[in-house]
Amino acid sequence: MRTSELFRVAFEALRVNRMRSLLTMLGVIIGVWAVVVLVAIGGGARDMVEGEIEGLGSNIIFVVPGEFGLDSGGPTVSRLDLEDVEALRRVAGEDAVTAGLSSSEVVRAGASEVFASLLGADENVANVYVRTLAKGRHLSEIDVETRRRVVVLGSQAAERLFGEVDPLGRQVTIGGGRFRVVGVFAEVGQTFGQSRDNEVQIPLTTAQRMLGVTRVDYMAVRAADAEAVEPLQGRLVETLESRHQGERYSAVTQTQLLGTIGTVLGALTGLLAAIAAISLLVGGVGVSNIMLVSVRERTREIGLRKALGARRRDVLAQFLVEAVLLTSTGGVLGILLGVGTALAIAALSPVPAVIAWWSPVMAFTVSAAVGVFFGVVPASRAGRLDPVVALRSD
């Protein structure tokens, strides 16, 4: 039987049972759709995080307690304090080191309030991180030394608290204390899925007193250039470990962050795609069951074809082509739905979605392979039917 005739007969058989064919393809459609969408979301999340880390600057070193890596265990409680900050400034330069203390607090202004990310920062935060102001000023050295109750608001927090009113010089309440607004940051968007525009900064020493702690959560160091990063890492770690005997510290670069996060997100994307691929397996089982039913229903047709000279391989090829046509059509429909869903997610939500060229290709290839794999048994059964027995069946 010619190839064109095989496809014509297979298409006609599927067309006659349109509803059954569509329901059979449904498992394949859902599986391919899920693979394309999840891979797109995972790839978009990876690109977003990598872009945000790169935006911090290639010569910034993050100093944190404990070992850095996927096998480092749980987080380590910070024992870093202001004396450690001064020690690192003697190593890297007075203006090159900033420290931070993070929390979350309700910020109120009159009847308005917002739950914001609170960052206790020092005067060097503007030197280490490039953060543009929309109005006002950054925190100053005198603010930190005298524990002033002043605050710099993120653009979103300022808008929610004051609307169209200029917030400079006005009062807000944080943790039960009154703070004077001295600056408003320009809009920057999100970092690691959290809005930096909903952040408020107060002097580090003020934050320590308000929270009742003496620690700092982390330090960030800006190296003079990219070549100075690696030797500076070792000196920073050596300084801290000499001050805290028996404790471990890490000085992490942007490249190390990108490598670790890329590994995690890549593994997560692969896991999601593997889970979605289970739908393809379920769809394949459905195809196999329906094709077995089809062989039983068309027993007389198979007997007639073999009586008229059709060979076993012709009958086998006919049913195998039907199975592949079912799964391939389902694969194409799943790809179209998946691409459309990914584009809609990227356009209508903050969730990024990047369609990798290989995911539709892989999904279609797997769907066609499912048709071959799960179509072999029904096709073989049809090919083995004795024409006399088949013609006598009801």
# chains A, B, ... in the order shown; residues from 1 in each chain; ligands from 1

$ residues_around --residues "Ser195 of chain A" --least-positions-apart "4" --cutoff "10 Å" --atoms "only C-alpha atoms" --output "list in words"
Ala116, Ser117, Gly154, Gln156, Glu187, Val188, Gly189, Gln190, Thr191 and Glu199 of chain A

$ write_last_selection --atoms "C-alpha atoms" --output "mmCIF file, in the first residue's frame"
data_model
loop_
_atom_site.group_PDB
_atom_site.id
_atom_site.type_symbol
_atom_site.label_atom_id
_atom_site.label_comp_id
_atom_site.auth_asym_id
_atom_site.auth_seq_id
_atom_site.Cartn_x
_atom_site.Cartn_y
_atom_site.Cartn_z
ATOM 1 C CA ALA A 116 6.796 47.344 53.202
ATOM 2 C CA SER A 117 10.232 45.770 53.149
ATOM 3 C CA GLY A 154 10.381 53.512 47.524
ATOM 4 C CA GLN A 156 5.356 52.580 45.299
ATOM 5 C CA GLU A 187 11.002 53.431 40.191
ATOM 6 C CA VAL A 188 13.135 50.330 39.599
ATOM 7 C CA GLY A 189 10.708 47.363 39.494
ATOM 8 C CA GLN A 190 11.340 43.909 40.954
ATOM 9 C CA THR A 191 14.336 41.934 42.168
ATOM 10 C CA GLU A 199 11.062 49.201 50.090
#

$ residues_around --residues "segment 216-227 of chain A" --least-positions-apart "5" --cutoff "8 Å" --atoms "only C-alpha atoms" --output "PDB file with N, CA and C atoms, in the first residue's frame"
ATOM      1  N   SER A  58      28.971  43.916  38.136  1.00  0.00           N
ATOM      2  CA  SER A  58      29.841  42.750  38.012  1.00  0.00           C
ATOM      3  C   SER A  58      30.947  42.723  39.060  1.00  0.00           C
ATOM      4  N   ASN A  59      31.198  43.844  39.753  1.00  0.00           N
ATOM      5  CA  ASN A  59      32.297  43.881  40.717  1.00  0.00           C
ATOM      6  C   ASN A  59      31.819  44.008  42.163  1.00  0.00           C
ATOM      7  N   ILE A  60      30.592  43.566  42.438  1.00  0.00           N
ATOM      8  CA  ILE A  60      30.066  43.584  43.801  1.00  0.00           C
ATOM      9  C   ILE A  60      30.245  42.205  44.436  1.00  0.00           C
ATOM     10  N   ILE A  61      30.727  42.203  45.678  1.00  0.00           N
ATOM     11  CA  ILE A  61      30.915  40.972  46.440  1.00  0.00           C
ATOM     12  C   ILE A  61      29.962  41.002  47.632  1.00  0.00           C
ATOM     13  N   PHE A  62      29.191  39.922  47.792  1.00  0.00           N
ATOM     14  CA  PHE A  62      28.266  39.818  48.914  1.00  0.00           C
ATOM     15  C   PHE A  62      28.907  38.947  49.998  1.00  0.00           C
ATOM     16  N   VAL A  63      29.007  39.482  51.195  1.00  0.00           N
ATOM     17  CA  VAL A  63      29.630  38.775  52.312  1.00  0.00           C
ATOM     18  C   VAL A  63      28.533  38.293  53.253  1.00  0.00           C
ATOM     19  N   VAL A  64      28.460  36.975  53.448  1.00  0.00           N
ATOM     20  CA  VAL A  64      27.396  36.381  54.269  1.00  0.00           C
ATOM     21  C   VAL A  64      27.989  35.332  55.184  1.00  0.00           C
ATOM     22  N   PRO A  65      27.337  35.062  56.319  1.00  0.00           N
ATOM     23  CA  PRO A  65      27.825  33.996  57.206  1.00  0.00           C
ATOM     24  C   PRO A  65      27.529  32.620  56.625  1.00  0.00           C
ATOM     25  N   SER A  78      23.372  35.148  61.523  1.00  0.00           N
ATOM     26  CA  SER A  78      24.442  36.119  61.373  1.00  0.00           C
ATOM     27  C   SER A  78      24.966  36.588  62.723  1.00  0.00           C
ATOM     28  N   ARG A  79      26.309  36.621  62.850  1.00  0.00           N
ATOM     29  CA  ARG A  79      26.953  37.231  64.014  1.00  0.00           C
ATOM     30  C   ARG A  79      27.768  38.447  63.596  1.00  0.00           C
ATOM     31  N   LEU A  80      27.517  38.906  62.364  1.00  0.00           N
ATOM     32  CA  LEU A  80      28.206  40.102  61.889  1.00  0.00           C
ATOM     33  C   LEU A  80      27.679  41.321  62.634  1.00  0.00           C
ATOM     34  N   ASP A  81      28.570  42.269  62.938  1.00  0.00           N
ATOM     35  CA  ASP A  81      28.154  43.491  63.610  1.00  0.00           C
ATOM     36  C   ASP A  81      28.893  44.685  63.009  1.00  0.00           C
ATOM     37  N   LEU A  82      28.695  45.851  63.605  1.00  0.00           N
ATOM     38  CA  LEU A  82      29.283  47.079  63.067  1.00  0.00           C
ATOM     39  C   LEU A  82      30.810  47.068  63.141  1.00  0.00           C
ATOM     40  N   VAL A  85      31.964  45.447  60.067  1.00  0.00           N
ATOM     41  CA  VAL A  85      31.854  46.376  58.938  1.00  0.00           C
ATOM     42  C   VAL A  85      33.093  47.261  58.870  1.00  0.00           C
ATOM     43  N   ALA A  92      38.902  46.932  52.264  1.00  0.00           N
ATOM     44  CA  ALA A  92      38.421  47.256  50.913  1.00  0.00           C
ATOM     45  C   ALA A  92      38.330  48.748  50.633  1.00  0.00           C
ATOM     46  N   ALA A  96      33.715  51.652  50.223  1.00  0.00           N
ATOM     47  CA  ALA A  96      33.416  50.499  49.363  1.00  0.00           C
ATOM     48  C   ALA A  96      32.576  49.435  50.036  1.00  0.00           C
ATOM     49  N   VAL A  97      32.243  49.604  51.312  1.00  0.00           N
ATOM     50  CA  VAL A  97      31.524  48.565  52.061  1.00  0.00           C
ATOM     51  C   VAL A  97      30.229  49.147  52.614  1.00  0.00           C
ATOM     52  N   THR A  98      29.138  48.416  52.413  1.00  0.00           N
ATOM     53  CA  THR A  98      27.862  48.779  53.020  1.00  0.00           C
ATOM     54  C   THR A  98      27.285  47.559  53.710  1.00  0.00           C
ATOM     55  N   ALA A  99      26.492  47.805  54.747  1.00  0.00           N
ATOM     56  CA  ALA A  99      25.876  46.715  55.504  1.00  0.00           C
ATOM     57  C   ALA A  99      24.378  46.913  55.539  1.00  0.00           C
ATOM     58  N   GLY A 100      23.654  45.816  55.729  1.00  0.00           N
ATOM     59  CA  GLY A 100      22.198  45.903  55.726  1.00  0.00           C
ATOM     60  C   GLY A 100      21.568  45.026  56.783  1.00  0.00           C
ATOM     61  N   LEU A 101      20.406  45.453  57.253  1.00  0.00           N
ATOM     62  CA  LEU A 101      19.587  44.702  58.191  1.00  0.00           C
ATOM     63  C   LEU A 101      18.167  44.715  57.658  1.00  0.00           C
ATOM     64  N   SER A 102      17.604  43.538  57.390  1.00  0.00           N
ATOM     65  CA  SER A 102      16.315  43.457  56.703  1.00  0.00           C
ATOM     66  C   SER A 102      15.200  43.037  57.650  1.00  0.00           C
ATOM     67  N   VAL A 128      27.757  51.775  46.871  1.00  0.00           N
ATOM     68  CA  VAL A 128      27.914  50.386  46.444  1.00  0.00           C
ATOM     69  C   VAL A 128      26.875  50.010  45.404  1.00  0.00           C
ATOM     70  N   LEU A 232      40.264  40.095  46.399  1.00  0.00           N
ATOM     71  CA  LEU A 232      39.567  40.753  47.500  1.00  0.00           C
ATOM     72  C   LEU A 232      38.662  39.767  48.246  1.00  0.00           C
TER      73      LEU A 232
END

$ residues_around --residues "Val32 of chain A" --least-positions-apart "2" --cutoff "12 Å" --atoms "only C-alpha atoms" --output "number ranges by chain"
A: 25-30, 34-39, 273-284, 327-339, 359-368, 370

$ write_last_selection --atoms "C-alpha atoms" --output "mmCIF file, in the first residue's frame"
data_model
loop_
_atom_site.group_PDB
_atom_site.id
_atom_site.type_symbol
_atom_site.label_atom_id
_atom_site.label_comp_id
_atom_site.auth_asym_id
_atom_site.auth_seq_id
_atom_site.Cartn_x
_atom_site.Cartn_y
_atom_site.Cartn_z
ATOM 1 C CA MET A 25 -5.953 13.323 21.570
ATOM 2 C CA LEU A 26 -6.912 15.286 24.678
ATOM 3 C CA GLY A 27 -4.297 13.657 26.912
ATOM 4 C CA VAL A 28 -1.573 14.361 24.358
ATOM 5 C CA ILE A 29 -2.768 17.955 23.879
ATOM 6 C CA ILE A 30 -2.701 18.629 27.631
ATOM 7 C CA ALA A 34 1.927 21.761 29.881
ATOM 8 C CA VAL A 35 5.489 21.041 28.724
ATOM 9 C CA VAL A 36 5.639 24.145 26.502
ATOM 10 C CA VAL A 37 4.098 26.469 29.121
ATOM 11 C CA LEU A 38 6.141 25.247 32.090
ATOM 12 C CA VAL A 39 9.420 25.329 30.178
ATOM 13 C CA ALA A 273 8.689 19.458 32.312
ATOM 14 C CA ALA A 274 9.097 15.846 33.472
ATOM 15 C CA ILE A 275 5.935 16.085 35.580
ATOM 16 C CA ALA A 276 4.053 17.544 32.621
ATOM 17 C CA ALA A 277 5.370 14.766 30.388
ATOM 18 C CA ILE A 278 3.463 12.262 32.531
ATOM 19 C CA SER A 279 0.341 13.562 30.778
ATOM 20 C CA LEU A 280 1.884 12.395 27.508
ATOM 21 C CA LEU A 281 2.327 8.929 29.006
ATOM 22 C CA VAL A 282 -1.308 8.917 30.117
ATOM 23 C CA GLY A 283 -2.332 10.124 26.670
ATOM 24 C CA GLY A 284 -0.310 7.325 25.098
ATOM 25 C CA THR A 327 -0.676 11.883 18.638
ATOM 26 C CA SER A 328 1.029 14.163 16.090
ATOM 27 C CA THR A 329 -2.165 16.161 15.552
ATOM 28 C CA GLY A 330 -2.576 16.375 19.322
ATOM 29 C CA GLY A 331 1.058 17.507 19.564
ATOM 30 C CA VAL A 332 0.557 20.322 17.049
ATOM 31 C CA LEU A 333 -2.611 21.503 18.819
ATOM 32 C CA GLY A 334 -0.820 21.317 22.192
ATOM 33 C CA ILE A 335 2.100 23.383 20.851
ATOM 34 C CA LEU A 336 -0.240 26.063 19.476
ATOM 35 C CA LEU A 337 -2.139 26.236 22.779
ATOM 36 C CA GLY A 338 1.098 26.238 24.784
ATOM 37 C CA VAL A 339 2.714 29.038 22.770
ATOM 38 C CA SER A 359 10.543 22.749 23.888
ATOM 39 C CA PRO A 360 7.946 22.657 21.035
ATOM 40 C CA VAL A 361 10.308 20.508 18.958
ATOM 41 C CA MET A 362 10.870 18.119 21.862
ATOM 42 C CA ALA A 363 7.156 18.024 22.706
ATOM 43 C CA PHE A 364 6.174 17.229 19.105
ATOM 44 C CA THR A 365 8.891 14.578 18.770
ATOM 45 C CA VAL A 366 7.815 12.913 22.012
ATOM 46 C CA SER A 367 4.145 13.003 20.998
ATOM 47 C CA ALA A 368 4.949 11.314 17.667
ATOM 48 C CA VAL A 370 4.225 8.076 21.870
#

$ closest_residue --among "A:Ile174, A:Leu348, A:Leu204, A:Val16" --to "Asn124 of chain A" --atoms "only C-alpha atoms"
A:Leu204

$ select_by_dssp --residues "segment 47-220 of chain A" --states "strand (DSSP E or B)" --output "CSV table (one decimal) with C-alpha atoms, in the first residue's frame"
chain,number,residue,atom,x,y,z
A,60,ILE,CA,30.1,43.6,43.8
A,61,ILE,CA,30.9,41.0,46.4
A,62,PHE,CA,28.3,39.8,48.9
A,63,VAL,CA,29.6,38.8,52.3
A,64,VAL,CA,27.4,36.4,54.3
A,65,PRO,CA,27.8,34.0,57.2
A,81,ASP,CA,28.2,43.5,63.6
A,97,VAL,CA,31.5,48.6,52.1
A,98,THR,CA,27.9,48.8,53.0
A,99,ALA,CA,25.9,46.7,55.5
A,100,GLY,CA,22.2,45.9,55.7
A,101,LEU,CA,19.6,44.7,58.2
A,102,SER,CA,16.3,43.5,56.7
A,103,SER,CA,12.8,43.2,58.1
A,104,SER,CA,9.2,43.9,57.2
A,105,GLU,CA,7.1,46.6,58.9
A,106,VAL,CA,3.8,48.4,58.5
A,107,VAL,CA,4.4,52.0,57.5
A,108,ARG,CA,1.6,54.5,58.2
A,109,ALA,CA,0.9,58.1,57.1
A,112,SER,CA,-3.0,55.3,54.8
A,113,GLU,CA,-0.7,52.3,55.5
A,114,VAL,CA,1.5,49.9,53.5
A,115,PHE,CA,3.3,46.7,54.5
A,116,ALA,CA,6.8,47.3,53.2
A,117,SER,CA,10.2,45.8,53.1
A,118,LEU,CA,12.3,47.6,55.7
A,119,LEU,CA,16.1,47.9,55.1
A,120,GLY,CA,18.4,49.3,57.7
A,121,ALA,CA,21.2,50.8,55.6
A,133,LEU,CA,16.5,59.2,43.6
A,134,ALA,CA,13.4,60.8,42.3
A,135,LYS,CA,13.6,63.6,44.9
A,136,GLY,CA,15.3,64.4,48.2
A,150,VAL,CA,14.7,59.6,58.8
A,151,VAL,CA,13.5,57.4,56.0
A,152,VAL,CA,13.8,57.1,52.2
A,153,LEU,CA,10.7,55.7,50.6
A,171,GLN,CA,6.0,62.2,58.9
A,172,VAL,CA,5.4,58.4,58.7
A,173,THR,CA,5.1,55.9,61.5
A,174,ILE,CA,7.3,52.7,61.5
A,177,GLY,CA,8.2,55.5,65.9
A,178,ARG,CA,7.8,58.7,63.9
A,179,PHE,CA,10.2,59.1,60.9
A,180,ARG,CA,10.7,62.1,58.6
A,181,VAL,CA,10.8,61.5,54.9
A,182,VAL,CA,14.1,62.8,53.4
A,183,GLY,CA,14.0,61.1,50.0
A,184,VAL,CA,12.0,59.1,47.5
A,185,PHE,CA,13.6,56.5,45.2
A,190,GLN,CA,11.3,43.9,41.0
A,191,THR,CA,14.3,41.9,42.2
A,194,GLN,CA,9.9,41.2,45.1
A,195,SER,CA,9.1,44.9,44.4
A,199,GLU,CA,11.1,49.2,50.1
A,200,VAL,CA,11.8,51.8,52.8
A,201,GLN,CA,15.3,52.6,54.0
A,202,ILE,CA,16.2,53.9,57.5
A,203,PRO,CA,19.6,54.3,59.1
A,215,ARG,CA,23.8,42.4,64.2
A,218,TYR,CA,25.0,40.9,55.3
A,219,MET,CA,27.6,43.2,53.8
A,220,ALA,CA,28.2,44.2,50.2

$ closest_residue --among "A:Asp84, A:Glu94, A:Glu159, A:Asp143" --to "Asn127 of chain A" --atoms "only C-alpha atoms"
A:Glu94

$ atom_distance --atom1 "atom CA of Ala353 of chain A" --atom2 "atom CA of Arg196 of chain A"
21.0 Å

$ closest_residue --among "A:Arg243, A:Ser140, A:Leu271, A:Ala323" --to "Glu86 of chain A" --atoms "only C-alpha atoms"
A:Arg243

$ atom_distance --atom1 "atom CA of Gln233 of chain A" --atom2 "atom CA of Gln256 of chain A"
12.0 Å

$ closest_residue --among "A:Arg248, A:Arg8, A:Trp33, A:Leu14" --to "Ala342 of chain A" --atoms "only C-alpha atoms"
A:Trp33
